[in-house]
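Peer 1: Contents of my_file-v7.tsv (TSV, C-alpha atoms) are below:
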```tsv
chain	number	residue	atom	x	y	z
A	110	MET	CA	-36.26	69.90	-25.79
A	111	GLU	CA	-32.82	69.34	-27.34
A	112	ILE	CA	-31.31	68.62	-23.92
A	113	MET	CA	-33.98	66.00	-23.24
A	114	ARG	CA	-33.24	64.28	-26.53
A	115	ARG	CA	-29.53	64.16	-25.74
A	116	ILE	CA	-30.17	62.78	-22.27
A	117	LEU	CA	-32.51	60.17	-23.73
A	118	PHE	CA	-29.99	59.29	-26.45
A	119	PHE	CA	-27.12	58.86	-23.96
A	120	SER	CA	-29.35	56.90	-21.59
A	121	LEU	CA	-30.28	54.50	-24.39
A	122	LEU	CA	-26.64	54.25	-25.42
A	123	ILE	CA	-25.57	53.37	-21.87
A	124	MET	CA	-28.34	50.76	-21.58
A	125	TYR	CA	-27.31	49.23	-24.92
A	126	PHE	CA	-23.64	48.90	-23.96
A	127	THR	CA	-24.53	47.58	-20.52
A	128	ALA	CA	-26.77	44.94	-22.10
A	129	CYS	CA	-24.02	44.00	-24.57
A	130	ARG	CA	-21.49	43.58	-21.77
A	131	GLU	CA	-23.92	41.49	-19.73
A	132	ASN	CA	-24.70	39.40	-22.82
A	133	THR	CA	-20.97	38.84	-23.43
A	134	GLU	CA	-20.44	37.85	-19.81
A	135	SER	CA	-23.33	35.38	-19.86
A	136	GLU	CA	-22.12	34.02	-23.20
A	137	ALA	CA	-18.64	33.53	-21.72
A	138	GLU	CA	-20.10	31.80	-18.67
A	139	SER	CA	-22.25	29.54	-20.86
A	140	LEU	CA	-19.25	28.59	-22.99
A	141	LYS	CA	-17.19	27.92	-19.87
A	142	GLU	CA	-19.85	25.54	-18.53
A	143	LEU	CA	-20.19	23.71	-21.86
A	144	ARG	CA	-16.42	23.31	-22.12
A	145	GLN	CA	-16.11	21.97	-18.58
A	146	GLN	CA	-18.92	19.48	-19.07
A	147	PHE	CA	-17.65	18.28	-22.41
A	148	TRP	CA	-13.90	17.95	-21.72
A	149	LYS	CA	-14.31	16.32	-18.32
A	150	ASP	CA	-16.66	13.66	-19.74
A	151	LYS	CA	-14.22	10.89	-20.64
A	152	SER	CA	-16.93	8.26	-20.97
A	153	SER	CA	-18.07	7.17	-24.40
A	154	GLN	CA	-15.89	9.78	-26.11
A	155	ALA	CA	-18.44	12.46	-25.12
A	156	ASN	CA	-21.12	12.34	-27.79
A	157	VAL	CA	-21.47	13.88	-31.21
A	158	GLU	CA	-24.50	15.92	-30.21
A	159	LYS	CA	-22.60	17.56	-27.34
A	160	ALA	CA	-19.63	18.13	-29.66
A	161	ALA	CA	-21.85	19.86	-32.21
A	162	LYS	CA	-23.35	22.05	-29.49
A	163	LEU	CA	-19.89	23.00	-28.21
A	164	ASP	CA	-18.72	23.67	-31.79
A	165	SER	CA	-21.59	26.09	-32.25
A	166	ALA	CA	-20.86	27.79	-28.93
A	167	TYR	CA	-17.17	28.21	-29.84
A	168	LYS	CA	-18.01	29.73	-33.22
A	169	ASN	CA	-20.62	32.11	-31.80
A	170	TYR	CA	-18.37	33.24	-28.99
A	171	ILE	CA	-15.38	33.86	-31.27
A	172	ASN	CA	-17.53	35.76	-33.77
A	173	ASN	CA	-19.13	37.89	-31.06
A	174	ASN	CA	-15.89	38.49	-29.13
A	175	PRO	CA	-13.09	38.73	-31.72
A	176	GLU	CA	-10.66	40.45	-29.33
A	177	ASP	CA	-10.91	37.90	-26.51
A	178	THR	CA	-7.48	36.55	-25.61
A	179	ASN	CA	-8.94	33.06	-25.05
A	180	ASN	CA	-9.96	32.67	-28.70
A	181	ALA	CA	-6.74	30.90	-29.67
A	182	GLU	CA	-7.47	28.20	-27.12
A	183	TYR	CA	-11.11	28.00	-28.26
A	184	LEU	CA	-10.06	27.60	-31.89
A	185	PHE	CA	-7.63	24.85	-30.89
A	186	GLU	CA	-10.23	22.98	-28.83
A	187	ASN	CA	-12.80	23.32	-31.60
A	188	ALA	CA	-10.29	21.95	-34.11
A	189	LYS	CA	-9.86	18.91	-31.82
A	190	LEU	CA	-13.61	18.27	-32.04
A	191	HIS	CA	-13.52	18.36	-35.83
A	192	ALA	CA	-10.33	16.29	-36.14
A	193	ASP	CA	-11.59	13.47	-33.93
A	194	PRO	CA	-13.09	10.67	-36.07
A	195	HIS	CA	-15.33	9.67	-33.13
A	196	LEU	CA	-16.80	13.14	-32.80
A	197	LEU	CA	-17.36	15.58	-35.66
A	198	ASN	CA	-14.84	14.02	-38.07
A	199	HIS	CA	-14.27	17.03	-40.31
A	200	PRO	CA	-10.48	17.26	-40.73
A	201	ASP	CA	-10.84	19.97	-43.38
A	202	VAL	CA	-12.74	22.15	-40.88
A	203	ALA	CA	-10.15	21.33	-38.20
A	204	ILE	CA	-7.38	22.50	-40.53
A	205	ASN	CA	-9.27	25.70	-41.28
A	206	LEU	CA	-9.69	26.42	-37.56
A	207	LEU	CA	-6.01	25.74	-36.88
A	208	GLU	CA	-5.01	28.03	-39.74
A	209	GLN	CA	-7.23	30.76	-38.31
A	210	LEU	CA	-5.48	30.28	-34.99
A	211	TYR	CA	-1.94	30.71	-36.26
A	212	HIS	CA	-2.83	33.56	-38.60
A	213	LYS	CA	-4.86	35.57	-36.07
A	214	TYR	CA	-2.86	34.66	-32.96
A	215	PRO	CA	0.73	33.95	-34.10
A	216	LYS	CA	2.15	34.71	-30.64
A	217	SER	CA	-0.21	32.32	-28.88
A	218	PRO	CA	1.43	29.34	-27.18
A	219	ARG	CA	-0.91	27.18	-29.31
A	220	ALA	CA	0.23	28.63	-32.67
A	221	PRO	CA	3.27	26.35	-33.25
A	222	GLU	CA	1.24	23.26	-32.37
A	223	ALA	CA	-1.63	24.41	-34.57
A	224	MET	CA	0.75	24.79	-37.50
A	225	TYR	CA	2.32	21.41	-36.81
A	226	GLN	CA	-1.05	19.66	-36.44
A	227	THR	CA	-2.18	21.22	-39.73
A	228	ALA	CA	0.83	19.70	-41.47
A	229	TYR	CA	0.24	16.34	-39.82
A	230	MET	CA	-3.43	16.20	-40.92
A	231	LEU	CA	-2.58	17.34	-44.44
A	232	GLU	CA	-0.04	14.54	-44.70
A	233	ASN	CA	-1.74	11.68	-42.90
A	234	ILE	CA	-5.48	12.29	-43.20
A	235	LEU	CA	-6.03	14.33	-46.35
A	236	MET	CA	-2.98	12.83	-48.12
A	237	LEU	CA	-1.71	16.16	-49.45
A	238	PRO	CA	2.08	15.77	-49.11
A	239	ASP	CA	3.07	19.01	-50.87
A	240	ASN	CA	0.78	21.07	-48.64
A	241	ALA	CA	2.03	19.18	-45.58
A	242	ARG	CA	5.66	19.81	-46.53
A	243	ASN	CA	4.92	23.54	-46.85
A	244	ARG	CA	3.28	23.65	-43.41
A	245	TYR	CA	6.14	21.73	-41.77
A	246	GLN	CA	8.53	24.21	-43.34
A	247	LEU	CA	6.38	27.05	-42.05
A	248	VAL	CA	6.72	25.66	-38.50
A	249	ILE	CA	10.49	25.51	-38.95
A	250	ASP	CA	10.74	29.02	-40.38
A	251	THR	CA	8.30	30.71	-38.00
A	252	TYR	CA	9.20	28.99	-34.72
A	253	PRO	CA	12.76	27.70	-35.28
A	254	ASP	CA	13.51	27.08	-31.58
A	255	HIS	CA	10.22	25.42	-30.70
A	256	PRO	CA	10.09	21.63	-30.04
A	257	PHE	CA	7.53	21.27	-32.86
A	258	ALA	CA	10.09	22.80	-35.26
A	259	LYS	CA	12.58	20.13	-34.20
A	260	GLU	CA	10.06	17.41	-35.06
A	261	ALA	CA	9.11	19.17	-38.28
A	262	ARG	CA	12.79	19.22	-39.39
A	263	VAL	CA	12.79	15.42	-39.27
A	264	LEU	CA	9.35	14.91	-40.80
A	265	VAL	CA	9.69	17.38	-43.68
A	266	LYS	CA	12.40	15.18	-45.21
A	267	TYR	CA	10.09	12.17	-45.39
A	268	VAL	CA	6.72	13.64	-46.36
A	269	GLY	CA	5.16	11.63	-49.15
A	270	LYS	CA	7.68	8.80	-48.91
A	271	ASP	CA	6.87	5.20	-48.17
A	272	PRO	CA	6.67	4.84	-44.36
A	273	THR	CA	8.95	1.79	-44.38
A	274	GLU	CA	11.64	3.66	-46.30
A	275	ALA	CA	11.28	6.70	-44.08
A	276	LEU	CA	11.61	4.61	-40.92
A	277	LYS	CA	14.69	2.86	-42.31
A	278	ALA	CA	16.29	6.20	-43.23
A	279	ILE	CA	15.57	7.60	-39.77
A	280	THR	CA	16.99	4.55	-37.96
A	281	ASP	CA	20.04	4.46	-40.27
A	282	SER	CA	20.64	8.14	-39.58
A	283	ALA	CA	20.27	7.62	-35.84
A	284	SER	CA	22.71	4.70	-35.82
A	285	ARG	CA	25.29	6.68	-37.84
A	286	ASN	CA	25.02	9.58	-35.42
A	287	LYS	CA	25.19	7.39	-32.34
A	288	PRO	CA	28.27	8.20	-30.23
A	289	ASP	CA	30.75	5.44	-29.43
A	290	THR	CA	30.61	4.25	-25.86
A	291	LEU	CA	33.07	2.17	-23.92
A	292	ALA	CA	30.45	-0.51	-23.44
A	293	GLY	CA	29.83	-0.65	-27.20
A	294	LYS	CA	33.48	-1.03	-28.29
A	295	ASN	CA	35.23	-4.31	-28.70
A	296	ARG	CA	38.31	-4.56	-26.55
```
Using the file provided, produce a representation of the structure as structure tokens.
Peer 2:
Amino acid sequence: MEIMRRILFFSLLIMYFTACRENTESEAESLKELRQQFWKDKSSQANVEKAAKLDSAYKNYINNNPEDTNNAEYLFENAKLHADPHLLNHPDVAINLLEQLYHKYPKSPRAPEAMYQTAYMLENILMLPDNARNRYQLVIDTYPDHPFAKEARVLVKYVGKDPTEALKAITDSASRNKPDTLAGKNR
């Protein structure tokens, strides 16, 4: 009797894990189809209803498959949906998703951009210059050789300043650092 119970238990266990794997595979396929349909539809900025459906699919997939290596990309794409004023228009949610990305997947190719985009939205959309400055500095400190760090080094100096003054300072700096050329010298 004990042997039969064990066989039954292991059989049920195998069926459960097989069903879970099949469910994960179908969930991945469903998400793949939704993504392809949504991102290839360039007409009418894809619609809000489709964006909300894709948002839900991203969240469900990430929650159900926390170890999937594609999650960084899914978080980034979902943040784009929330950041877009023509789609979901939730910059605070976009920032949260981007922060999840660079905290959970710091080695992802998307992590530096996620950090940078967080700083940009904090500065230009939510108007939180101190927070933006901190995020730009985080890009610089965490990914010092990345192209986004190069941009952040310039922007961090001007966060919270009047755009006209910042532009003048940048152009003045560029003209001071401009090398002399033969064509530019008076003879």
Peer 1: Which residue out of A:Trp148, A:Tyr252, A:Tyr214, A:Tyr267 has the minimum interatomic distance to Asp177 of chain A when only C-alpha atoms are used?
Peer 2: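 Counting only C-alpha atoms, the residue closest to Asp177 of chain A is A:Tyr214.
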Peer 1: Work out how far apart atom CA of Ser139 of chain A and atom CA of Asn187 of chain A are and give it in Å to one decimal.
Peer 2: 15.6 Å
Peer 1: Would you list the contacts of Gln246 of chain A as a count of residues only, taking every protein, DNA or RNA residue within 12 Å and counting all atoms listed in the file, but skipping same-chain residues closer than 3 positions in sequence?
Peer 2: 27
Peer 1: Rounded to one decimal, what separation in Å do you get between atom CA of Ala203 of chain A and atom CA of His191 of chain A?
Peer 2: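 Computing the Euclidean distance for atom CA of Ala203 of chain A and atom CA of His191 of chain A yields 5.1 Å.
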Peer 1: Go through A:Ala166, A:Ser217, A:Tyr211, A:Arg144 one by one, measure the shortest atom-to-atom distance of each to Asn179 of chain A using only C-alpha atoms, and give the residue with the smallest value.
Peer 2: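 Between A:Ala166, A:Ser217, A:Tyr211, A:Arg144, the residue approaching Asn179 of chain A most closely is A:Ser217.
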Peer 1: Given the choices A:Asn156, A:Glu208, A:Ala192, A:Pro215, which gets closest to Met230 of chain A if the distance is worked out from all atoms listed in the file?
Peer 2: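 Counting all atoms listed in the file, the residue closest to Met230 of chain A is A:Ala192.
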Peer 1: Could you tell me how far atom CA of Ala161 of chain A lies from atom CA of Leu140 of chain A, in Å and to one decimal?
Peer 2: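 Between atom CA of Ala161 of chain A and atom CA of Leu140 of chain A the gap works out to 13.0 Å.
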Peer 1: Using all atoms listed in the file, find all polymer residues with an atom at most 12 Å away from the point (-10.2, 12.4, -38.0); report them as a compact mmCIF listing (two decimals) with C-alpha atoms, keeping the file's coordinate frame.
Peer 2:
```
# COMPACT_ATOMS: atom_id res chain seq x y z
CA ALA A 188 -10.29 21.95 -34.11
CA LYS A 189 -9.86 18.91 -31.82
CA LEU A 190 -13.61 18.27 -32.04
CA HIS A 191 -13.52 18.36 -35.83
CA ALA A 192 -10.33 16.29 -36.14
CA ASP A 193 -11.59 13.47 -33.93
CA PRO A 194 -13.09 10.67 -36.07
CA HIS A 195 -15.33 9.67 -33.13
CA LEU A 196 -16.80 13.14 -32.80
CA LEU A 197 -17.36 15.58 -35.66
CA ASN A 198 -14.84 14.02 -38.07
CA HIS A 199 -14.27 17.03 -40.31
CA PRO A 200 -10.48 17.26 -40.73
CA ASP A 201 -10.84 19.97 -43.38
CA VAL A 202 -12.74 22.15 -40.88
CA ALA A 203 -10.15 21.33 -38.20
CA ILE A 204 -7.38 22.50 -40.53
CA GLN A 226 -1.05 19.66 -36.44
CA TYR A 229 0.24 16.34 -39.82
CA MET A 230 -3.43 16.20 -40.92
CA LEU A 231 -2.58 17.34 -44.44
CA ASN A 233 -1.74 11.68 -42.90
CA ILE A 234 -5.48 12.29 -43.20
CA LEU A 235 -6.03 14.33 -46.35
```
Peer 1: Nearest to Lys141 of chain A: which of A:Ile279, A:Val157, A:Leu163, A:Ile112 is it, counting all atoms listed in the file?
Peer 2: A:Leu163
Peer 1: Give the answer as one residue: which of A:Glu158, A:Glu186, A:Asp271, A:Glu176 has the shortest atom-to-atom distance to Pro238 of chain A, using all atoms listed in the file?
Peer 2: A:Asp271
Peer 1: Between A:Ser135, A:Lys149, A:Ala223, A:Tyr183, which is the closest to Tyr245 of chain A once you count all atoms listed in the file?
Peer 2: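 So, comparing all the options, the nearest one is A:Ala223.
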Peer 1: Hey, can I get the axis-aligned box for segment 141-152 of chain A? All listed atoms, 4 Å padding on each side, centre and edge lengths in Å to one decimal, as JSON.
Peer 2:
```
{"center_x": -17.0, "center_y": 18.1, "center_z": -20.4, "size_x": 14.3, "size_y": 27.7, "size_z": 12.1}
```
